[in-house]
Amino acid sequence: MTEAPKLNSFRNGPDERGHFGQFGGRFVAETLMPLILSLEQAYKEARVDPAFHKEMGGHLVHYVGRPSPLYFAERLTEHLGGAKIYLKREELNHTGSHKVNNVLGQIMLARRMGKPRIIAETGAGQHGVATATLCARFGLKCVVYMGAVDVERQQANVFRMKMLGAEVIPVQSGSKTLKDAMNEALRDWVTNVHDTFYCIGTVAGPHPYPAMVRDFQSIIGRETREQMMAAEGRLPDSLIACIGGGSNAMGLFHPFLDDAGVEIFGVEAAGHGLSGLHAASIAGGRPGVLHGNRTYLLMDADGQIEEAHSISAGLDYPGIGPEHSWLHDVGRVTYLSATDEEALEAFQLLSRLEGIIPALEPAHAIARVIELAPKLPRDHLMVVNLSGRGDKDVPQVSEIFESRGR
C-alpha cells in the first residue's frame with residue numbers, strides 16, 4: 001500500500017527541479033541534458049512499476065543477502081558504559097558494503113534504458129567492486145575511474161574489480177583521488193553518451209541522482225525500523241553514520257527524518273584536524289557548485305576547489321550530498337567530525353571488542369560513538385551504520401602501525 005505523503009515533511013524533497021532548499025539542482029553540459037531527462041523519466045516509471053520492485057526485491061534477497069542483521073554490540077556497550085549500541089551490518093552484504101544496494105537499482109535502470117556500457121567512479125573501491133560485480137552478473141561492459149593515489153592504497157579492491165572483468169583506469173590529474181575520478185567519469189559520459197550509463201556511487205551529482213541513490217539506499221533505514229521494533233519494541237533514540245558524499249548515512253537517516261524523537265548524527269572526516277588538511281565539507285566549507293549540484297564544498301577564497309584529505313579513501317571528497325547540506329541548514333541532522341587518529345583508534349577498538357574489523361569509513365562514526373555513548377543513559381538505543389568491512393584497509397593500517405613500531 002502506498003503511504004500518503006506528509007505535509008511539511010523532511011522526506012518530501014527534492015522539488016521538481018531537484019532542489020533541497022538552495023542545494024541540489026542540475027548543472028550539467030548541454031550534451032548531457034537529454035540523457036539526464038531520460039534517466040529521470042525512466043526512474044519515475046520504475047518507481048511505480050511493480051515488476052521493477054519485484055525483480056529488485058528478489059535480487060536483494062537472493063544475490064545481495066538482505067536483510068542485513070541489526071546486531072547488539074554487547075561488549076562495546078559494556079566497555080563504553082552508556083547507551084545500548086546496535087550495529088547495522090551492511091558490511092555483510094555481497095561485495096562487503098552498502099554500495100551494492102544502489103548499484104543494483106542503477107544497473108536495472110541501465111538495462112531498462114538499453115545501455116550496454118557502464119562507467120563509475122570510486123574512492124575506496126567499494127562502489128567500483130559493487131559496479132563490477134553487477135556488470136559481471138548481467139553481462140555489461142564496465143569501466144571504473146579511480147584516482148591513482150587510491151589505486152595504490154586500495155590495491156585489493158583494484159584486483160577484485162579486474163577479476164570481475166572491469167577496466168580500471170587510474171586518474172593522474174589533480175589530487176588523484178575521488179574528486180578527480182568523478183571528473184574523468186563525467187568527461188567519458190559526455191563523449192559516449194549514446195551507449196553509456198553513469199552509475200554514480202553516492203547521493204551527489206545532478207538531479208535525479210541524489211534522490212535516486214537515496215531511495216535505493218533507504219532500505220537500510222526501513223530494515224532498521226522493523227528490526228529495532230522487533231528487538232526492543234520501540235524506535236532507536238539516535239542514529240549515527242559516517243559522511244563522505246553520504247549515501248550510507250542518507251540510507252539510514254531518511255526513513256527516520258520525520259520521527260522527532262530520533263536524534264541523528266553524521267560524522268565527517270576531519271583528517272589531520274579542522275585547522276589542517278581534512279574532508280569536512282560542512283565544518284570547513286561553504287556552498288558552491290561541483291559535479292552537477294550545489295552543495296557545501298571545500299573552496300579557497302577565489303572559489304577554487306581545495307584538496308580534501310582523509311585516511312579513508314571513501315571519505316576523501318571535497319563535497320557532500322546536497323540533501324545533507326539542507327538537513328544541516330534546517331537543523332534536522334547534527335554533523336560532527338572525527339580525525340584520522342580517532343578513526344584508527346576506533347578501528348582497533350571495534351576489532352578487539354566485537355571481532356568485527358570495520359572499514360576506515362564507518363570507523364569515523366565509531367569514533368564519535370566512543371565519545372557520545374558514555375554520556376547517555378543505559379536505556380538509550382543507538383544505531384551505528386557499519387557501512388563496510390575493513391579487509392580493504394588492513395594493508396594500509398598495517399603499514400601505518402608498523403611505521404610506528406606497534
# chains A, B, ... in the order shown; residues from 1 in each chain; ligands from 1
>>> select_by_dssp(residues="region 279-395 of chain A", states="alpha helix (DSSP H)", output="JSON, numbers by chain")
{"A": [281, 282, 283, 284, 322, 323, 324, 325, 326, 327, 328, 329, 330, 340, 341, 342, 343, 344, 345, 346, 347, 348, 349, 350, 351, 352, 353, 354, 360, 361, 362, 363, 364, 365, 366, 367, 368, 369, 370, 371, 372, 394, 395]}
>>> write_last_selection(atoms="C-alpha atoms", output="mmCIF file, in the first residue's frame")
data_model
loop_
_atom_site.group_PDB
_atom_site.id
_atom_site.type_symbol
_atom_site.label_atom_id
_atom_site.label_comp_id
_atom_site.auth_asym_id
_atom_site.auth_seq_id
_atom_site.Cartn_x
_atom_site.Cartn_y
_atom_site.Cartn_z
ATOM 1 C CA SER A 281 32.810 19.999 3.850
ATOM 2 C CA ILE A 282 30.144 21.238 6.257
ATOM 3 C CA ALA A 283 32.502 22.096 9.120
ATOM 4 C CA GLY A 284 35.061 23.757 6.869
ATOM 5 C CA PRO A 322 23.004 18.277 -1.303
ATOM 6 C CA GLU A 323 20.290 16.774 0.908
ATOM 7 C CA HIS A 324 22.817 16.581 3.766
ATOM 8 C CA SER A 325 23.637 20.272 3.213
ATOM 9 C CA TRP A 326 19.943 21.124 3.507
ATOM 10 C CA LEU A 327 19.434 18.926 6.591
ATOM 11 C CA HIS A 328 22.360 20.735 8.188
ATOM 12 C CA ASP A 329 20.972 24.177 7.361
ATOM 13 C CA VAL A 330 17.471 23.376 8.669
ATOM 14 C CA ASP A 340 42.355 10.133 11.134
ATOM 15 C CA GLU A 341 43.824 9.241 14.531
ATOM 16 C CA GLU A 342 40.412 8.906 16.160
ATOM 17 C CA ALA A 343 39.259 6.649 13.303
ATOM 18 C CA LEU A 344 42.335 4.424 13.717
ATOM 19 C CA GLU A 345 41.663 4.071 17.463
ATOM 20 C CA ALA A 346 38.035 3.165 16.749
ATOM 21 C CA PHE A 347 39.151 0.696 14.043
ATOM 22 C CA GLN A 348 41.220 -1.153 16.664
ATOM 23 C CA LEU A 349 38.620 -0.943 19.430
ATOM 24 C CA LEU A 350 35.751 -2.471 17.460
ATOM 25 C CA SER A 351 38.045 -5.187 16.075
ATOM 26 C CA ARG A 352 39.206 -6.245 19.536
ATOM 27 C CA LEU A 353 35.883 -5.946 21.376
ATOM 28 C CA GLU A 354 33.452 -7.371 18.826
ATOM 29 C CA LEU A 360 38.001 3.045 7.895
ATOM 30 C CA GLU A 361 34.895 4.921 6.720
ATOM 31 C CA PRO A 362 32.481 3.726 9.462
ATOM 32 C CA ALA A 363 35.380 3.778 11.949
ATOM 33 C CA HIS A 364 34.857 7.573 11.891
ATOM 34 C CA ALA A 365 31.292 7.040 13.134
ATOM 35 C CA ILE A 366 32.510 4.603 15.799
ATOM 36 C CA ALA A 367 34.962 7.292 16.950
ATOM 37 C CA ARG A 368 32.083 9.628 17.806
ATOM 38 C CA VAL A 369 30.118 6.764 19.409
ATOM 39 C CA ILE A 370 33.067 6.378 21.792
ATOM 40 C CA GLU A 371 32.543 9.998 22.807
ATOM 41 C CA LEU A 372 28.717 10.151 22.832
ATOM 42 C CA VAL A 394 44.118 -3.865 6.521
ATOM 43 C CA PRO A 395 47.291 -3.426 4.373
#
>>> residues_around(residues="region 240-252 of chain A", least_positions_apart="6", cutoff="7 Å", atoms="only C-alpha atoms", output="ChimeraX atom specification")
/A:98,202-204,214,217-221,264-268,314-317,319-321,361-362,364-365,383-385,387
>>> write_last_selection(atoms="N, CA and C atoms", output="PDB file, in the first residue's frame")
ATOM      1  N   HIS A  98      27.546  -1.272   1.766  1.00  0.00           N
ATOM      2  CA  HIS A  98      26.192  -0.842   1.404  1.00  0.00           C
ATOM      3  C   HIS A  98      26.080  -0.486  -0.074  1.00  0.00           C
ATOM      4  N   THR A 202      27.189   7.860  -4.931  1.00  0.00           N
ATOM      5  CA  THR A 202      26.735   8.497  -3.700  1.00  0.00           C
ATOM      6  C   THR A 202      25.583   9.457  -3.982  1.00  0.00           C
ATOM      7  N   VAL A 203      25.085  10.102  -2.914  1.00  0.00           N
ATOM      8  CA  VAL A 203      23.904  10.961  -3.041  1.00  0.00           C
ATOM      9  C   VAL A 203      24.311  12.355  -3.511  1.00  0.00           C
ATOM     10  N   ALA A 204      25.100  12.416  -4.573  1.00  0.00           N
ATOM     11  CA  ALA A 204      25.570  13.678  -5.147  1.00  0.00           C
ATOM     12  C   ALA A 204      25.389  13.614  -6.659  1.00  0.00           C
ATOM     13  N   ARG A 214      19.518   7.916  -2.868  1.00  0.00           N
ATOM     14  CA  ARG A 214      18.892   7.885  -1.534  1.00  0.00           C
ATOM     15  C   ARG A 214      17.779   6.848  -1.462  1.00  0.00           C
ATOM     16  N   GLN A 217      19.129   3.391  -1.348  1.00  0.00           N
ATOM     17  CA  GLN A 217      19.811   3.075  -0.085  1.00  0.00           C
ATOM     18  C   GLN A 217      18.873   3.098   1.119  1.00  0.00           C
ATOM     19  N   SER A 218      17.684   3.630   0.970  1.00  0.00           N
ATOM     20  CA  SER A 218      16.792   3.744   2.125  1.00  0.00           C
ATOM     21  C   SER A 218      16.326   2.404   2.670  1.00  0.00           C
ATOM     22  N   ILE A 219      16.616   1.342   1.970  1.00  0.00           N
ATOM     23  CA  ILE A 219      16.316   0.014   2.514  1.00  0.00           C
ATOM     24  C   ILE A 219      17.047  -0.197   3.842  1.00  0.00           C
ATOM     25  N   ILE A 220      18.187   0.487   4.029  1.00  0.00           N
ATOM     26  CA  ILE A 220      18.945   0.363   5.293  1.00  0.00           C
ATOM     27  C   ILE A 220      18.093   0.857   6.456  1.00  0.00           C
ATOM     28  N   GLY A 221      17.508   2.029   6.319  1.00  0.00           N
ATOM     29  CA  GLY A 221      16.700   2.584   7.398  1.00  0.00           C
ATOM     30  C   GLY A 221      15.374   1.857   7.583  1.00  0.00           C
ATOM     31  N   ILE A 264      19.783  12.480  15.178  1.00  0.00           N
ATOM     32  CA  ILE A 264      20.560  11.955  14.054  1.00  0.00           C
ATOM     33  C   ILE A 264      21.892  12.697  13.949  1.00  0.00           C
ATOM     34  N   PHE A 265      22.980  11.892  13.792  1.00  0.00           N
ATOM     35  CA  PHE A 265      24.320  12.450  13.708  1.00  0.00           C
ATOM     36  C   PHE A 265      25.031  11.927  12.445  1.00  0.00           C
ATOM     37  N   GLY A 266      25.621  12.824  11.674  1.00  0.00           N
ATOM     38  CA  GLY A 266      26.532  12.460  10.589  1.00  0.00           C
ATOM     39  C   GLY A 266      27.950  12.827  10.999  1.00  0.00           C
ATOM     40  N   VAL A 267      28.927  12.027  10.592  1.00  0.00           N
ATOM     41  CA  VAL A 267      30.315  12.259  11.003  1.00  0.00           C
ATOM     42  C   VAL A 267      31.195  12.443   9.773  1.00  0.00           C
ATOM     43  N   GLU A 268      31.733  13.640   9.620  1.00  0.00           N
ATOM     44  CA  GLU A 268      32.642  13.938   8.519  1.00  0.00           C
ATOM     45  C   GLU A 268      34.070  13.558   8.900  1.00  0.00           C
ATOM     46  N   GLY A 314      37.289   6.475   0.889  1.00  0.00           N
ATOM     47  CA  GLY A 314      35.872   6.667   0.606  1.00  0.00           C
ATOM     48  C   GLY A 314      35.316   7.985   1.121  1.00  0.00           C
ATOM     49  N   LEU A 315      36.015   8.635   2.041  1.00  0.00           N
ATOM     50  CA  LEU A 315      35.560   9.926   2.576  1.00  0.00           C
ATOM     51  C   LEU A 315      36.384  11.079   2.032  1.00  0.00           C
ATOM     52  N   ASP A 316      37.360  10.774   1.190  1.00  0.00           N
ATOM     53  CA  ASP A 316      38.331  11.764   0.709  1.00  0.00           C
ATOM     54  C   ASP A 316      37.747  12.540  -0.473  1.00  0.00           C
ATOM     55  N   TYR A 317      36.737  13.389  -0.191  1.00  0.00           N
ATOM     56  CA  TYR A 317      35.994  14.097  -1.228  1.00  0.00           C
ATOM     57  C   TYR A 317      35.694  15.507  -0.697  1.00  0.00           C
ATOM     58  N   GLY A 319      33.279  17.537  -1.083  1.00  0.00           N
ATOM     59  CA  GLY A 319      31.872  17.939  -1.048  1.00  0.00           C
ATOM     60  C   GLY A 319      31.040  16.935  -0.283  1.00  0.00           C
ATOM     61  N   ILE A 320      29.741  17.185  -0.277  1.00  0.00           N
ATOM     62  CA  ILE A 320      28.794  16.329   0.440  1.00  0.00           C
ATOM     63  C   ILE A 320      27.489  16.358  -0.350  1.00  0.00           C
ATOM     64  N   GLY A 321      26.677  15.331  -0.209  1.00  0.00           N
ATOM     65  CA  GLY A 321      25.409  15.304  -0.924  1.00  0.00           C
ATOM     66  C   GLY A 321      24.532  16.502  -0.574  1.00  0.00           C
ATOM     67  N   GLU A 361      35.992   3.959   6.823  1.00  0.00           N
ATOM     68  CA  GLU A 361      34.895   4.921   6.720  1.00  0.00           C
ATOM     69  C   GLU A 361      34.000   4.871   7.965  1.00  0.00           C
ATOM     70  N   PRO A 362      33.331   3.748   8.263  1.00  0.00           N
ATOM     71  CA  PRO A 362      32.481   3.726   9.462  1.00  0.00           C
ATOM     72  C   PRO A 362      33.269   3.817  10.771  1.00  0.00           C
ATOM     73  N   HIS A 364      35.064   6.174  11.491  1.00  0.00           N
ATOM     74  CA  HIS A 364      34.857   7.573  11.891  1.00  0.00           C
ATOM     75  C   HIS A 364      33.576   7.714  12.730  1.00  0.00           C
ATOM     76  N   ALA A 365      32.528   6.990  12.344  1.00  0.00           N
ATOM     77  CA  ALA A 365      31.292   7.040  13.134  1.00  0.00           C
ATOM     78  C   ALA A 365      31.504   6.393  14.500  1.00  0.00           C
ATOM     79  N   VAL A 383      21.912   3.398  17.080  1.00  0.00           N
ATOM     80  CA  VAL A 383      22.227   2.555  15.910  1.00  0.00           C
ATOM     81  C   VAL A 383      23.354   3.199  15.105  1.00  0.00           C
ATOM     82  N   VAL A 384      24.385   2.406  14.829  1.00  0.00           N
ATOM     83  CA  VAL A 384      25.515   2.853  14.013  1.00  0.00           C
ATOM     84  C   VAL A 384      25.487   2.087  12.697  1.00  0.00           C
ATOM     85  N   ASN A 385      25.617   2.799  11.580  1.00  0.00           N
ATOM     86  CA  ASN A 385      25.648   2.098  10.298  1.00  0.00           C
ATOM     87  C   ASN A 385      27.068   1.635  10.012  1.00  0.00           C
ATOM     88  N   SER A 387      28.984   0.545   7.490  1.00  0.00           N
ATOM     89  CA  SER A 387      28.745   0.574   6.050  1.00  0.00           C
ATOM     90  C   SER A 387      29.682  -0.288   5.226  1.00  0.00           C
TER      91      SER A 387
END
>>> residues_around(residues="region 158-165 of chain A", least_positions_apart="6", cutoff="7 Å", atoms="only C-alpha atoms", output="PyMOL selection string")
chain A and resi 125+128-129+132-133+136+151
>>> write_last_selection(atoms="N, CA, C and O atoms", output="PDB file, in the first residue's frame")
ATOM      1  N   GLY A 125      37.057   1.971  -3.493  1.00  0.00           N
ATOM      2  CA  GLY A 125      36.918   0.783  -4.327  1.00  0.00           C
ATOM      3  C   GLY A 125      35.639   0.021  -4.062  1.00  0.00           C
ATOM      4  O   GLY A 125      35.282  -0.885  -4.823  1.00  0.00           O
ATOM      5  N   GLY A 128      33.217   0.707  -6.813  1.00  0.00           N
ATOM      6  CA  GLY A 128      33.759   0.094  -8.023  1.00  0.00           C
ATOM      7  C   GLY A 128      33.578  -1.415  -8.027  1.00  0.00           C
ATOM      8  O   GLY A 128      33.200  -2.002  -9.047  1.00  0.00           O
ATOM      9  N   VAL A 129      33.829  -2.050  -6.896  1.00  0.00           N
ATOM     10  CA  VAL A 129      33.655  -3.500  -6.800  1.00  0.00           C
ATOM     11  C   VAL A 129      32.183  -3.871  -6.976  1.00  0.00           C
ATOM     12  O   VAL A 129      31.851  -4.833  -7.684  1.00  0.00           O
ATOM     13  N   ALA A 132      31.378  -3.449 -10.697  1.00  0.00           N
ATOM     14  CA  ALA A 132      31.983  -4.529 -11.484  1.00  0.00           C
ATOM     15  C   ALA A 132      31.239  -5.844 -11.264  1.00  0.00           C
ATOM     16  O   ALA A 132      31.034  -6.636 -12.197  1.00  0.00           O
ATOM     17  N   THR A 133      30.821  -6.074 -10.034  1.00  0.00           N
ATOM     18  CA  THR A 133      30.103  -7.313  -9.703  1.00  0.00           C
ATOM     19  C   THR A 133      28.767  -7.394 -10.430  1.00  0.00           C
ATOM     20  O   THR A 133      28.432  -8.415 -11.044  1.00  0.00           O
ATOM     21  N   ALA A 136      29.206  -7.899 -14.124  1.00  0.00           N
ATOM     22  CA  ALA A 136      29.504  -9.302 -14.426  1.00  0.00           C
ATOM     23  C   ALA A 136      28.212 -10.128 -14.366  1.00  0.00           C
ATOM     24  O   ALA A 136      27.957 -10.969 -15.247  1.00  0.00           O
ATOM     25  N   VAL A 151      44.281   4.027  -6.090  1.00  0.00           N
ATOM     26  CA  VAL A 151      44.682   2.746  -6.676  1.00  0.00           C
ATOM     27  C   VAL A 151      45.794   2.125  -5.834  1.00  0.00           C
ATOM     28  O   VAL A 151      45.797   0.911  -5.572  1.00  0.00           O
TER      29      VAL A 151
END
>>> select_by_dssp(residues="region 162-207 of chain A", states="strand (DSSP E or B)", output="number ranges by chain")
A: 167-171, 196-198
>>> residues_around(residues="Leu277 (chain A)", least_positions_apart="4", cutoff="12 Å", atoms="only C-alpha atoms", output="JSON, numbers by chain")
{"A": [269, 270, 271, 272, 273, 281, 284, 298, 306, 307, 308, 309, 310, 311, 316, 317, 318, 339, 340]}
>>> residues_around(residues="Gly81 (chain A)", least_positions_apart="2", cutoff="8 Å", atoms="only C-alpha atoms", output="ChimeraX atom specification")
/A:77-79,83,373-374,378
>>> atom_distance(atom1="CA of Asn8 (chain A)", atom2="CA of Phe52 (chain A)")
29.2 Å
>>> residues_around(residues="Pro170 (chain A)", least_positions_apart="3", cutoff="8 Å", atoms="only C-alpha atoms", output="count of residues only")
5
>>> atom_distance(atom1="CA of Arg89 (chain A)", atom2="CA of Ser312 (chain A)")
18.9 Å
>>> closest_residue(among="A:Val143, A:Pro67, A:Pro208, A:Met108", to="Ser38 (chain A)", atoms="only C-alpha atoms")
A:Pro208
>>> closest_residue(among="A:His278, A:Glu399, A:Leu239, A:Leu32", to="Ile85 (chain A)", atoms="only C-alpha atoms")
A:Leu239
>>> closest_residue(among="A:Gly18, A:Gly292, A:Pro116, A:Pro255", to="Glu30 (chain A)", atoms="only C-alpha atoms")
A:Gly292
